[in-house]
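File shown here: input-v3.txt, holding compact mmCIF, C-alpha atoms and all ligand atoms.
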```
# COMPACT_ATOMS: atom_id res chain seq x y z
CA MET T 1 136.32 206.04 116.50
CA VAL T 2 136.89 204.01 113.33
CA SER T 3 136.54 200.66 115.12
CA PRO T 4 133.56 199.46 117.14
CA PRO T 5 134.40 198.95 120.81
CA VAL T 6 134.66 195.44 122.23
CA TRP T 7 131.38 195.54 124.08
CA ARG T 8 131.48 192.76 126.67
CA GLY T 9 128.52 191.89 128.83
CA SER T 10 125.69 189.57 129.65
CA THR T 11 123.16 191.85 131.30
CA HIS T 12 121.55 194.96 129.92
CA LEU T 13 119.88 197.18 132.51
CA TYR T 14 116.55 198.80 131.68
CA ASP T 15 115.39 202.16 133.02
CA ASP T 16 112.10 200.79 134.25
CA VAL T 17 109.59 198.00 133.76
CA ALA T 18 108.02 199.74 130.78
CA HIS T 19 111.37 199.68 128.93
CA LEU T 20 111.91 196.04 129.95
CA ARG T 21 108.58 195.13 128.32
CA GLU T 22 109.33 197.30 125.30
CA GLY T 23 112.54 195.28 124.80
CA LEU T 24 110.53 192.10 124.23
CA LYS T 25 108.88 193.53 121.14
CA SER T 26 111.86 193.42 118.80
CA ASN T 27 114.17 190.53 117.95
CA ASP T 28 116.43 192.46 115.58
CA ASP T 29 120.10 193.31 115.83
CA GLY T 30 120.62 196.83 117.07
CA HIS T 31 118.60 196.53 120.29
CA PHE T 32 120.22 195.65 123.58
CA PHE T 33 118.28 192.83 125.19
CA TYR T 34 120.57 190.26 126.79
CA GLY T 35 124.15 189.18 126.07
CA ARG T 36 123.11 186.18 123.99
CA ARG T 37 121.54 188.55 121.46
CA GLY T 38 124.90 190.30 121.01
CA SER T 39 126.17 193.84 121.20
CA PRO T 40 127.29 196.47 118.67
CA THR T 41 130.53 194.50 118.24
CA GLN T 42 128.73 191.43 116.83
CA TRP T 43 125.98 193.43 115.09
CA SER T 44 128.42 195.49 113.04
CA LEU T 45 130.22 192.36 111.85
CA ALA T 46 126.93 190.67 110.90
CA GLU T 47 125.82 193.81 109.09
CA ALA T 48 129.06 193.99 107.08
CA LEU T 49 128.73 190.32 106.04
CA THR T 50 125.10 190.92 105.03
CA GLU T 51 126.13 193.88 102.88
CA MET T 52 128.65 191.70 101.05
CA GLU T 53 125.86 189.42 99.73
CA SER T 54 123.42 191.31 97.59
CA GLY T 55 119.85 190.18 98.21
CA ALA T 56 120.57 189.19 101.82
CA ALA T 57 118.18 189.84 104.70
CA GLY T 58 120.68 189.13 107.48
CA THR T 59 123.60 187.15 108.86
CA MET T 60 123.85 184.94 111.93
CA LEU T 61 127.19 184.30 113.62
CA TYR T 62 128.21 180.96 115.15
CA PRO T 63 131.17 179.83 117.26
CA SER T 64 132.56 177.70 114.39
CA GLY T 65 131.97 176.89 110.75
CA VAL T 66 130.65 173.47 111.75
CA ALA T 67 128.08 175.09 114.07
CA ALA T 68 126.98 177.31 111.16
CA ILE T 69 126.42 174.27 108.92
CA SER T 70 124.68 172.13 111.57
CA CYS T 71 122.36 174.94 112.68
CA SER T 72 121.45 175.81 109.08
CA LEU T 73 120.48 172.21 108.34
CA LEU T 74 118.47 172.04 111.57
CA ALA T 75 116.66 175.24 110.56
CA VAL T 76 115.25 173.70 107.38
CA LEU T 77 114.87 169.95 108.08
CA GLN T 78 112.49 167.91 110.15
CA PRO T 79 112.03 164.20 110.93
CA GLY T 80 111.09 162.24 107.82
CA ASP T 81 112.91 164.59 105.45
CA GLU T 82 115.81 163.77 103.16
CA VAL T 83 118.84 165.95 102.45
CA LEU T 84 121.13 165.57 99.44
CA LEU T 85 124.80 166.31 100.01
CA THR T 86 127.63 166.60 97.54
CA ASP T 87 130.01 163.63 97.68
CA SER T 88 132.82 166.19 97.95
CA SER T 89 131.44 167.56 101.25
CA TYR T 90 133.63 168.68 104.11
CA ASP T 91 133.87 165.58 106.29
CA PRO T 92 132.25 167.06 109.45
CA SER T 93 129.20 168.01 107.31
CA ARG T 94 128.96 164.37 106.27
CA SER T 95 129.22 163.09 109.79
CA PHE T 96 126.60 165.55 111.06
CA ALA T 97 124.22 164.25 108.39
CA ASP T 98 125.13 160.57 108.77
CA ALA T 99 125.06 160.48 112.57
CA PHE T 100 123.11 163.37 114.10
CA LEU T 101 120.46 163.93 111.42
CA LYS T 102 119.97 160.19 111.05
CA ARG T 103 119.18 159.98 114.76
CA MET T 104 116.45 162.58 114.15
CA GLY T 105 114.92 160.46 111.39
CA ILE T 106 116.39 162.55 108.57
CA THR T 107 118.10 160.62 105.79
CA ALA T 108 121.14 161.78 103.83
CA ARG T 109 121.96 160.83 100.26
CA TYR T 110 125.08 161.84 98.35
CA TYR T 111 125.37 163.09 94.79
CA ASP T 112 128.17 163.44 92.25
CA PRO T 113 129.49 167.02 92.53
CA LEU T 114 129.46 167.23 88.71
CA ILE T 115 125.77 166.29 88.48
CA GLY T 116 124.48 169.77 87.49
CA SER T 117 120.80 170.00 86.55
CA ASP T 118 120.52 166.17 86.48
CA ILE T 119 120.15 166.44 90.23
CA ALA T 120 116.40 166.77 89.55
CA ALA T 121 116.34 163.00 88.87
CA LEU T 122 117.40 162.37 92.50
CA PHE T 123 114.61 164.45 94.03
CA GLY T 124 111.98 162.42 95.80
CA PRO T 125 108.90 163.44 97.79
CA LYS T 126 110.96 163.60 100.99
CA THR T 127 113.85 165.63 99.58
CA LYS T 128 113.79 168.98 101.33
CA ALA T 129 117.34 170.36 101.07
CA VAL T 130 120.52 170.20 99.01
CA LEU T 131 123.86 170.94 100.65
CA MET T 132 126.46 172.06 98.10
CA GLU T 133 130.11 172.88 98.51
CA SER T 134 131.86 174.45 95.53
CA PRO T 135 134.68 173.88 95.02
CA GLY T 136 134.55 170.67 97.04
CA SER T 137 136.75 169.86 100.01
CA LEU T 138 140.04 168.09 99.15
CA THR T 139 139.26 167.55 95.45
CA PHE T 140 137.97 170.99 94.36
CA GLU T 141 135.25 170.01 91.87
CA VAL T 142 133.36 173.15 90.88
CA GLN T 143 129.61 172.58 90.81
CA ASP T 144 126.99 174.05 88.55
CA VAL T 145 125.43 175.89 91.47
CA PRO T 146 122.97 177.96 89.36
CA ALA T 147 121.63 174.83 87.61
CA ILE T 148 121.29 172.90 90.88
CA CYS T 149 119.51 175.85 92.50
CA GLN T 150 117.15 176.23 89.58
CA ALA T 151 116.20 172.55 89.68
CA ALA T 152 115.75 172.69 93.46
CA ARG T 153 113.65 175.83 93.38
CA ALA T 154 111.30 174.26 90.82
CA ALA T 155 110.79 171.36 93.26
CA ASP T 156 110.44 173.60 96.34
CA ILE T 157 113.71 172.32 97.82
CA THR T 158 115.99 174.55 99.91
CA THR T 159 119.56 175.06 98.70
CA LEU T 160 122.50 175.56 101.04
CA LEU T 161 126.07 176.29 99.99
CA ASP T 162 129.32 176.03 101.93
CA ASN T 163 131.07 179.04 100.35
CA THR T 164 134.18 179.04 102.54
CA TRP T 165 136.68 178.73 99.65
CA ALA T 166 135.45 181.62 97.50
CA THR T 167 133.74 183.83 100.10
CA SER T 168 130.95 186.12 98.89
CA ARG T 169 133.68 188.31 97.39
CA PHE T 170 134.49 185.77 94.65
CA PHE T 171 131.16 183.93 94.56
CA PRO T 172 128.08 186.01 95.45
CA ALA T 173 126.00 182.97 96.26
CA LEU T 174 122.53 184.45 96.73
CA GLN T 175 122.81 186.09 93.30
CA HIS T 176 123.51 182.65 91.84
CA GLY T 177 120.27 181.32 93.31
CA VAL T 178 121.44 179.85 96.65
CA ASP T 179 118.99 180.20 99.56
CA ILE T 180 121.35 179.85 102.52
CA VAL T 181 125.08 180.55 102.28
CA MET T 182 127.45 179.33 104.97
CA THR T 183 131.05 180.38 105.55
CA ALA T 184 133.66 179.11 107.96
CA ALA T 185 134.80 182.63 108.93
CA THR T 186 137.65 180.84 110.73
CA LYS T 187 139.34 180.73 107.33
CA TYR T 188 139.51 183.84 105.11
CA ILE T 189 137.25 186.26 107.00
CA VAL T 190 139.32 186.02 110.19
CA GLY T 191 142.43 185.38 108.10
CA HIS T 192 144.95 185.22 110.94
CA SER T 193 144.37 181.73 112.37
CA ASP T 194 143.44 183.11 115.78
CA VAL T 195 139.63 182.79 115.97
CA MET T 196 137.01 180.11 115.24
CA MET T 197 133.77 181.43 113.75
CA GLY T 198 130.98 180.61 111.32
CA ALA T 199 128.55 182.89 109.50
CA VAL T 200 125.30 182.20 107.65
CA THR T 201 123.61 184.69 105.36
CA THR T 202 120.20 184.26 103.78
CA HIS T 203 117.37 186.10 102.06
CA SER T 204 114.10 187.15 103.67
CA HIS T 205 112.27 183.85 103.11
CA TYR T 206 114.57 181.90 105.45
CA TRP T 207 115.82 184.67 107.69
CA THR T 208 113.38 184.33 110.61
CA ARG T 209 113.68 180.54 110.67
CA LEU T 210 117.46 180.68 110.59
CA ARG T 211 117.61 183.30 113.33
CA ARG T 212 115.14 181.57 115.63
CA THR T 213 116.91 178.22 115.26
CA ALA T 214 120.28 179.77 116.10
CA GLN T 215 118.77 181.50 119.13
CA GLN T 216 116.99 178.36 120.30
CA LEU T 217 120.27 176.47 120.04
CA GLY T 218 122.02 179.21 122.02
CA GLN T 219 124.52 180.20 119.35
CA VAL T 220 126.62 183.21 120.30
CA VAL T 221 130.11 184.49 119.47
CA SER T 222 132.21 186.45 121.90
CA PRO T 223 132.66 190.19 121.31
CA ASP T 224 136.44 189.72 121.32
CA ASP T 225 136.18 187.15 118.53
CA ALA T 226 133.74 189.37 116.62
CA TYR T 227 136.17 192.25 116.91
CA LEU T 228 139.00 190.16 115.47
CA ALA T 229 136.80 188.88 112.65
CA ALA T 230 135.76 192.44 111.76
CA ARG T 231 139.40 193.42 111.80
CA GLY T 232 140.20 190.54 109.44
CA LEU T 233 137.32 191.47 107.16
CA ARG T 234 138.82 194.91 106.53
CA THR T 235 141.81 193.38 104.75
CA LEU T 236 139.94 190.50 103.10
CA GLU T 237 140.15 192.05 99.66
CA VAL T 238 143.92 192.60 99.61
CA ARG T 239 144.62 189.26 101.29
CA LEU T 240 142.47 187.36 98.80
CA ARG T 241 144.23 189.02 95.86
CA GLN T 242 147.62 188.04 97.26
CA HIS T 243 146.49 184.47 98.09
CA GLU T 244 145.13 184.26 94.55
CA ALA T 245 148.29 185.51 92.81
CA SER T 246 150.67 183.40 94.93
CA ALA T 247 148.57 180.22 94.63
CA LEU T 248 148.32 180.60 90.84
CA LYS T 249 152.07 181.08 90.57
CA ILE T 250 152.79 178.01 92.71
CA ALA T 251 150.11 175.85 91.06
CA GLY T 252 151.58 176.75 87.65
CA TRP T 253 155.07 175.86 88.85
CA LEU T 254 153.87 172.53 90.26
CA LYS T 255 152.14 171.72 86.97
CA GLN T 256 155.56 171.84 85.20
CA ARG T 257 157.17 169.37 87.61
CA ALA T 258 157.64 165.82 86.34
CA GLU T 259 156.66 164.42 89.76
CA VAL T 260 153.25 166.10 89.65
CA GLY T 261 150.13 164.71 87.99
CA MET T 262 146.89 166.66 88.31
CA VAL T 263 146.83 170.07 89.92
CA LEU T 264 143.33 170.43 91.37
CA HIS T 265 143.00 174.20 91.39
CA PRO T 266 139.66 175.56 90.07
CA ALA T 267 141.45 178.14 87.89
CA LEU T 268 143.47 175.41 86.10
CA PRO T 269 142.06 173.11 83.38
CA ASP T 270 142.92 169.88 85.31
CA CYS T 271 140.22 170.72 87.83
CA PRO T 272 136.79 169.16 87.18
CA GLY T 273 134.33 172.02 86.67
CA HIS T 274 137.04 174.50 85.63
CA GLU T 275 134.72 175.90 82.91
CA LEU T 276 132.07 176.57 85.56
CA TRP T 277 134.66 178.37 87.67
CA LYS T 278 135.43 180.61 84.67
CA ARG T 279 131.74 181.27 84.14
CA ASP T 280 130.66 181.93 87.73
CA PHE T 281 133.58 183.03 89.93
CA LYS T 282 135.25 186.42 90.23
CA GLY T 283 138.54 185.02 91.45
CA SER T 284 140.34 182.09 93.03
CA THR T 285 141.88 181.72 96.47
CA GLY T 286 144.85 180.02 98.09
CA LEU T 287 143.76 176.43 98.72
CA PHE T 288 144.28 173.61 96.21
CA SER T 289 145.54 170.05 95.93
CA PHE T 290 148.03 168.32 93.66
CA GLN T 291 148.81 164.73 92.89
CA LEU T 292 152.24 163.20 93.43
CA ARG T 293 152.06 160.99 90.36
CA ASP T 294 154.02 158.00 91.68
CA GLY T 295 153.70 158.89 95.32
CA ASP T 296 152.58 156.58 98.09
CA ASP T 297 151.79 157.38 101.69
CA ARG T 298 155.44 157.07 102.77
CA SER T 299 157.02 159.18 100.03
CA ARG T 300 154.28 161.78 100.44
CA ALA T 301 155.07 161.99 104.15
CA CYS T 302 158.76 162.47 103.27
CA PHE T 303 157.81 165.30 100.92
CA ILE T 304 155.64 167.07 103.48
CA ASP T 305 158.06 166.54 106.37
CA ALA T 306 160.85 168.14 104.32
CA LEU T 307 158.91 171.41 103.92
CA GLU T 308 160.18 174.16 106.19
CA LEU T 309 157.97 177.14 105.34
CA PHE T 310 154.76 175.11 105.13
CA GLY T 311 153.34 174.03 108.47
CA ILE T 312 151.54 170.70 108.87
CA GLY T 313 148.09 171.33 110.24
CA TYR T 314 144.35 171.50 109.68
CA SER T 315 142.43 174.59 108.73
CA TRP T 316 143.50 177.12 106.10
CA GLY T 317 142.78 180.67 104.94
CA GLY T 318 145.33 182.20 107.29
CA PHE T 319 148.53 184.10 106.53
CA GLU T 320 150.66 180.98 106.98
CA SER T 321 151.19 178.29 104.39
CA LEU T 322 150.19 174.74 105.27
CA ALA T 323 150.53 171.30 103.71
CA LEU T 324 148.35 168.27 104.41
CA PRO T 325 148.19 164.70 103.07
CA VAL T 326 144.60 164.10 101.91
CA ASP T 327 142.87 160.85 100.96
CA PRO T 328 139.46 161.58 99.40
CA GLN T 329 138.78 157.89 98.67
CA LYS T 330 138.13 157.39 102.39
CA TYR T 331 135.05 159.61 102.34
CA ARG T 332 133.34 158.92 99.03
CA THR T 333 130.10 156.96 98.80
CA ALA T 334 128.27 158.16 95.66
CA THR T 335 131.34 158.40 93.46
CA GLU T 336 134.76 156.79 93.43
CA TRP T 337 138.07 158.56 93.72
CA THR T 338 140.31 156.38 91.58
CA ALA T 339 143.25 158.68 90.77
CA SER T 340 146.58 156.97 91.39
CA GLY T 341 149.43 158.47 93.39
CA ALA T 342 148.97 160.56 96.49
CA LEU T 343 147.29 163.93 97.03
CA VAL T 344 148.75 166.87 98.92
CA ARG T 345 146.62 169.88 99.84
CA LEU T 346 148.35 173.25 100.10
CA ASN T 347 147.16 176.41 101.77
CA ILE T 348 149.16 179.21 100.18
CA GLY T 349 149.65 181.93 102.76
CA LEU T 350 151.05 185.43 102.45
CA GLU T 351 154.76 184.56 102.38
CA ASP T 352 156.86 185.40 99.31
CA PRO T 353 155.74 182.85 96.68
CA ASP T 354 159.32 182.43 95.42
CA ASP T 355 160.40 181.35 98.90
CA LEU T 356 157.53 178.84 98.96
CA ILE T 357 158.55 177.51 95.54
CA ALA T 358 162.15 177.08 96.72
CA ASP T 359 160.84 175.19 99.75
CA LEU T 360 158.74 172.89 97.54
CA ALA T 361 161.71 172.31 95.20
CA LYS T 362 163.83 171.20 98.14
CA ALA T 363 161.07 168.88 99.37
CA PHE T 364 160.98 167.18 95.94
CA GLU T 365 164.64 166.20 96.44
CA HIS T 366 163.72 164.44 99.69
CA TYR T 367 160.75 162.89 97.96
CA HIS T 368 163.01 161.34 95.31
CA SER T 369 165.28 159.87 97.93
CA ALA T 370 162.22 158.18 99.53
CA GLN T 371 160.99 156.59 96.31
CA PRO T 372 161.43 152.86 95.81
C1 LIG I 1 137.07 174.48 108.00
C2 LIG I 1 135.85 174.29 107.20
C3 LIG I 1 134.60 174.26 107.81
C4 LIG I 1 134.41 174.32 109.30
O1 LIG I 1 134.86 175.46 109.92
P1 LIG I 1 135.33 175.43 111.46
O2 LIG I 1 135.33 176.87 111.82
O3 LIG I 1 136.68 174.80 111.45
O4 LIG I 1 134.32 174.64 112.23
C5 LIG I 1 133.49 174.14 107.00
N1 LIG I 1 133.60 174.01 105.67
C6 LIG I 1 134.78 174.02 105.05
C7 LIG I 1 134.83 173.88 103.58
C8 LIG I 1 135.95 174.14 105.79
O5 LIG I 1 137.13 174.10 105.18
```
Turn the structure described in the file into structure tokens.
Amino acid sequence: MVSPPVWRGSTHLYDDVAHLREGLKSNDDGHFFYGRRGSPTQWSLAEALTEMESGAAGTMLYPSGVAAISCSLLAVLQPGDEVLLTDSSYDPSRSFADAFLKRMGITARYYDPLIGSDIAALFGPKTKAVLMESPGSLTFEVQDVPAICQAARAADITTLLDNTWATSRFFPALQHGVDIVMTAATKYIVGHSDVMMGAVTTHSHYWTRLRRTAQQLGQVVSPDDAYLAARGLRTLEVRLRQHEASALKIAGWLKQRAEVGMVLHPALPDCPGHELWKRDFKGSTGLFSFQLRDGDDRSRACFIDALELFGIGYSWGGFESLALPVDPQKYRTATEWTASGALVRLNIGLEDPDDLIADLAKAFEHYHSAQP
């Protein structure tokens, strides 16, 4: 068969006591042990994700992207440590650091996503990890990941990257010096908005620690979800190319509109770090934000409510287009978000981009009627 079976089960039966004892000797994928250690359905997905990152020793799967991030941080931090996070972090990453890690005696400090190699000046004796996200959530700053990793490595600090936007297809993170690369597979890997999943890939130095921590925390994904993620992965390449082409077309169209200020798409010059995107990335994907130049909360809501092909909802990376009002100023602590107007984040799905453009054009008419 081309596809792995959906191998459900908790209990593996051994032939005899000798085989039962033999089973304790290995903690690698590929050996039946107990349901929490997975089955061929999960192992084949993990193996495929490992193969996509050159230099990787293995991949762990988690029931959500947030679980992947939390468990990775727990694998490398201990009480008394400090972690540096980009100020453009996904909000649940921030709250895990600010609430949960703080309770464990781990402090979190935030840095300007455009800091580059100057991050070395922030390193103190307690700094043990840097959590990057590039491009950043909501505002899409592209970071100088290689420079940050080089500075961190010189100071014996672990680097982690949330690579959900680019995936390893467009940003092979380990090759750029990252130690631990995390992906919300919920987004592009699954691609069909029907499964929650996270994945973490790392090189041999961190592999055992990452794996043990995930196992100690009881992280497991269902075989049905793993099957759907593997099915999504098979079309990742063609989906990403279509997301890329459609998003570029729509971002370019938006840039010509008088109502629009900045278009925060890493492949466009408005986006902070655009030059780094050109240097380091092999492509762009379907998620970006744009600024309604004179928009306020009310007129922005009118604009979004008038869209018919774009749904209003969280998440992204699926086949369906989505629009969301976003307010980065609410989350910043190390930097200030001072841009005027109102930001809208778009997930460009797999619909015909000309239909999406027509939908946006119609929404601008409603937007005008809502303006003071
Ligand atoms: C959605 C998202 C996550 C979390 O993934 P879930 O599967 O929703 O928990 C993490 N990082 C980024 C950048 C995301 O967009």
Could you check how far atom CA of T:Pro172 sits from atom CA of T:Glu133, in Å to one decimal?
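Computing it gives 13.6 Å between the two atoms.
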Residues within 9 Å of ligand LIG 1 (chain I), counting only C-alpha atoms and all ligand atoms, as a PDB file with C-alpha atoms, in the frame of the given file:
```
ATOM      1  CA  TYR T  62     128.210 180.960 115.150  1.00  0.00           C
ATOM      2  CA  PRO T  63     131.170 179.830 117.260  1.00  0.00           C
ATOM      3  CA  SER T  64     132.560 177.700 114.390  1.00  0.00           C
ATOM      4  CA  GLY T  65     131.970 176.890 110.750  1.00  0.00           C
ATOM      5  CA  VAL T  66     130.650 173.470 111.750  1.00  0.00           C
ATOM      6  CA  ALA T  67     128.080 175.090 114.070  1.00  0.00           C
ATOM      7  CA  ALA T  68     126.980 177.310 111.160  1.00  0.00           C
ATOM      8  CA  ILE T  69     126.420 174.270 108.920  1.00  0.00           C
ATOM      9  CA  SER T  89     131.440 167.560 101.250  1.00  0.00           C
ATOM     10  CA  TYR T  90     133.630 168.680 104.110  1.00  0.00           C
ATOM     11  CA  ASP T  91     133.870 165.580 106.290  1.00  0.00           C
ATOM     12  CA  PRO T  92     132.250 167.060 109.450  1.00  0.00           C
ATOM     13  CA  SER T  93     129.200 168.010 107.310  1.00  0.00           C
ATOM     14  CA  GLU T 133     130.110 172.880  98.510  1.00  0.00           C
ATOM     15  CA  SER T 134     131.860 174.450  95.530  1.00  0.00           C
ATOM     16  CA  PRO T 135     134.680 173.880  95.020  1.00  0.00           C
ATOM     17  CA  GLY T 136     134.550 170.670  97.040  1.00  0.00           C
ATOM     18  CA  SER T 137     136.750 169.860 100.010  1.00  0.00           C
ATOM     19  CA  LEU T 138     140.040 168.090  99.150  1.00  0.00           C
ATOM     20  CA  ASP T 162     129.320 176.030 101.930  1.00  0.00           C
ATOM     21  CA  ASN T 163     131.070 179.040 100.350  1.00  0.00           C
ATOM     22  CA  THR T 164     134.180 179.040 102.540  1.00  0.00           C
ATOM     23  CA  TRP T 165     136.680 178.730  99.650  1.00  0.00           C
ATOM     24  CA  MET T 182     127.450 179.330 104.970  1.00  0.00           C
ATOM     25  CA  THR T 183     131.050 180.380 105.550  1.00  0.00           C
ATOM     26  CA  ALA T 184     133.660 179.110 107.960  1.00  0.00           C
ATOM     27  CA  ALA T 185     134.800 182.630 108.930  1.00  0.00           C
ATOM     28  CA  THR T 186     137.650 180.840 110.730  1.00  0.00           C
ATOM     29  CA  LYS T 187     139.340 180.730 107.330  1.00  0.00           C
ATOM     30  CA  VAL T 195     139.630 182.790 115.970  1.00  0.00           C
ATOM     31  CA  MET T 196     137.010 180.110 115.240  1.00  0.00           C
ATOM     32  CA  MET T 197     133.770 181.430 113.750  1.00  0.00           C
ATOM     33  CA  GLY T 198     130.980 180.610 111.320  1.00  0.00           C
ATOM     34  CA  TYR T 314     144.350 171.500 109.680  1.00  0.00           C
ATOM     35  CA  SER T 315     142.430 174.590 108.730  1.00  0.00           C
ATOM     36  CA  TRP T 316     143.500 177.120 106.100  1.00  0.00           C
ATOM     37  CA  GLY T 317     142.780 180.670 104.940  1.00  0.00           C
TER      38      GLY T 317
END
```
May I ask which of the residues T:Leu122, T:Ala363, T:Met1, T:Ala154 is the closest one to T:Val83, counting all atoms listed in the file?
T:Leu122
Name all residues at most 7 Å from T:Phe319 (count all atoms listed in the file; drop same-chain ones fewer than 5 positions away) and give them as a PyMOL selection string.
chain T and resi 191-192+349-350
Selection: 12 Å around T:His205, all atoms listed in the file, excl. self and same-chain fewer than 3 positions, as number ranges by chain:
T: 55-58, 76, 158, 178-180, 201-202, 208-211
Would you mind exporting C-alpha atoms of the selected residues as a tab-separated table (two decimals), in the coordinates of the input?
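Dumped everything to selection09.tsv:
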```tsv
chain	number	residue	atom	x	y	z
T	55	GLY	CA	119.85	190.18	98.21
T	56	ALA	CA	120.57	189.19	101.82
T	57	ALA	CA	118.18	189.84	104.70
T	58	GLY	CA	120.68	189.13	107.48
T	76	VAL	CA	115.25	173.70	107.38
T	158	THR	CA	115.99	174.55	99.91
T	178	VAL	CA	121.44	179.85	96.65
T	179	ASP	CA	118.99	180.20	99.56
T	180	ILE	CA	121.35	179.85	102.52
T	201	THR	CA	123.61	184.69	105.36
T	202	THR	CA	120.20	184.26	103.78
T	208	THR	CA	113.38	184.33	110.61
T	209	ARG	CA	113.68	180.54	110.67
T	210	LEU	CA	117.46	180.68	110.59
T	211	ARG	CA	117.61	183.30	113.33
```
Counting only C-alpha atoms, find residues at most 12 Å from (159.3, 164.8, 102.2) (file frame) and give them as a PDB file with C-alpha atoms, in the coordinates of the input.
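Wrote out.pdb, looks like this:
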```pdb
ATOM      1  CA  LEU T 292     152.240 163.200  93.430  1.00  0.00           C
ATOM      2  CA  GLY T 295     153.700 158.890  95.320  1.00  0.00           C
ATOM      3  CA  ASP T 296     152.580 156.580  98.090  1.00  0.00           C
ATOM      4  CA  ASP T 297     151.790 157.380 101.690  1.00  0.00           C
ATOM      5  CA  ARG T 298     155.440 157.070 102.770  1.00  0.00           C
ATOM      6  CA  SER T 299     157.020 159.180 100.030  1.00  0.00           C
ATOM      7  CA  ARG T 300     154.280 161.780 100.440  1.00  0.00           C
ATOM      8  CA  ALA T 301     155.070 161.990 104.150  1.00  0.00           C
ATOM      9  CA  CYS T 302     158.760 162.470 103.270  1.00  0.00           C
ATOM     10  CA  PHE T 303     157.810 165.300 100.920  1.00  0.00           C
ATOM     11  CA  ILE T 304     155.640 167.070 103.480  1.00  0.00           C
ATOM     12  CA  ASP T 305     158.060 166.540 106.370  1.00  0.00           C
ATOM     13  CA  ALA T 306     160.850 168.140 104.320  1.00  0.00           C
ATOM     14  CA  LEU T 307     158.910 171.410 103.920  1.00  0.00           C
ATOM     15  CA  GLU T 308     160.180 174.160 106.190  1.00  0.00           C
ATOM     16  CA  PHE T 310     154.760 175.110 105.130  1.00  0.00           C
ATOM     17  CA  ILE T 312     151.540 170.700 108.870  1.00  0.00           C
ATOM     18  CA  ALA T 323     150.530 171.300 103.710  1.00  0.00           C
ATOM     19  CA  LEU T 324     148.350 168.270 104.410  1.00  0.00           C
ATOM     20  CA  PRO T 325     148.190 164.700 103.070  1.00  0.00           C
ATOM     21  CA  VAL T 344     148.750 166.870  98.920  1.00  0.00           C
ATOM     22  CA  ASP T 359     160.840 175.190  99.750  1.00  0.00           C
ATOM     23  CA  LEU T 360     158.740 172.890  97.540  1.00  0.00           C
ATOM     24  CA  ALA T 361     161.710 172.310  95.200  1.00  0.00           C
ATOM     25  CA  LYS T 362     163.830 171.200  98.140  1.00  0.00           C
ATOM     26  CA  ALA T 363     161.070 168.880  99.370  1.00  0.00           C
ATOM     27  CA  PHE T 364     160.980 167.180  95.940  1.00  0.00           C
ATOM     28  CA  GLU T 365     164.640 166.200  96.440  1.00  0.00           C
ATOM     29  CA  HIS T 366     163.720 164.440  99.690  1.00  0.00           C
ATOM     30  CA  TYR T 367     160.750 162.890  97.960  1.00  0.00           C
ATOM     31  CA  HIS T 368     163.010 161.340  95.310  1.00  0.00           C
ATOM     32  CA  SER T 369     165.280 159.870  97.930  1.00  0.00           C
ATOM     33  CA  ALA T 370     162.220 158.180  99.530  1.00  0.00           C
ATOM     34  CA  GLN T 371     160.990 156.590  96.310  1.00  0.00           C
TER      35      GLN T 371
END
```
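The smallest atom-to-atom distance between T:Pro125 and any of T:Arg153, T:Asp81, T:Ser26, T:Glu336, using only C-alpha atoms, is found for T:Asp81.
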Selected residue of minimal separation from T:Asp355 among T:Ser321, T:Thr139, T:Gln175, T:Thr59, counting only C-alpha atoms:
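Looking at the shortest contact to T:Asp355, the residue is T:Ser321.
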Atom CA of T:Leu248 sits from atom CA of T:Met52 at a separation of 24.8 Å
Identify the residues around (143.8, 168.2, 87.6) within a radius of 10 Å, measuring from all atoms listed in the file in the coordinates stated by the file, and give them as an NGL selection string.
:T and (139-141 or 255 or 260-266 or 268-272 or 274 or 289-291)
Quick one: pull the distance between atom CA of T:Lys126 and atom CA of T:Asp144, Å, one decimal.
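Going from atom CA of T:Lys126 over to atom CA of T:Asp144, I get 22.8 Å.
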Using only C-alpha atoms, which of the listed residues (T:Ala247, T:Ile106, T:Ala226, T:Leu276) sits closest to T:Phe171?
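Checking each of T:Ala247, T:Ile106, T:Ala226, T:Leu276 against T:Phe171, counting only C-alpha atoms, the winner is T:Leu276.
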Closest of T:Ser10, T:Gly283, T:Val17, T:Leu49 to T:Phe32, counting only C-alpha atoms, is T:Ser10
Using only C-alpha atoms for the distances, tell me which of T:Leu131, T:Leu356, T:Ala152, T:Leu85 is nearest to T:Ser117.
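Going through T:Leu131, T:Leu356, T:Ala152, T:Leu85 one by one, the smallest distance to T:Ser117 is for T:Ala152.
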Produce the centre coordinates and the three edge lengths, each in Å to one decimal, of the box along x, y and z that contains all listed atoms of stretch 314-333 of chain T with 6 Å added on each side, as JSON.
```
{"center_x": 140.6, "center_y": 170.5, "center_z": 104.2, "size_x": 33.1, "size_y": 39.1, "size_z": 23.0}
```
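Neighbouring residues of T:Arg169 at 10 Å or closer, counting all atoms listed in the file and skipping chain neighbours under 5 positions away, are Met52, Glu53, Leu236, Glu237, Leu240, Phe281, Lys282 and Gly283 of chain T.
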Go ahead and save the residues from that selection, with C-alpha atoms, as a PDB file, keeping the file's coordinate frame.
```
ATOM      1  CA  MET T  52     128.650 191.700 101.050  1.00  0.00           C
ATOM      2  CA  GLU T  53     125.860 189.420  99.730  1.00  0.00           C
ATOM      3  CA  LEU T 236     139.940 190.500 103.100  1.00  0.00           C
ATOM      4  CA  GLU T 237     140.150 192.050  99.660  1.00  0.00           C
ATOM      5  CA  LEU T 240     142.470 187.360  98.800  1.00  0.00           C
ATOM      6  CA  PHE T 281     133.580 183.030  89.930  1.00  0.00           C
ATOM      7  CA  LYS T 282     135.250 186.420  90.230  1.00  0.00           C
ATOM      8  CA  GLY T 283     138.540 185.020  91.450  1.00  0.00           C
TER       9      GLY T 283
END
```
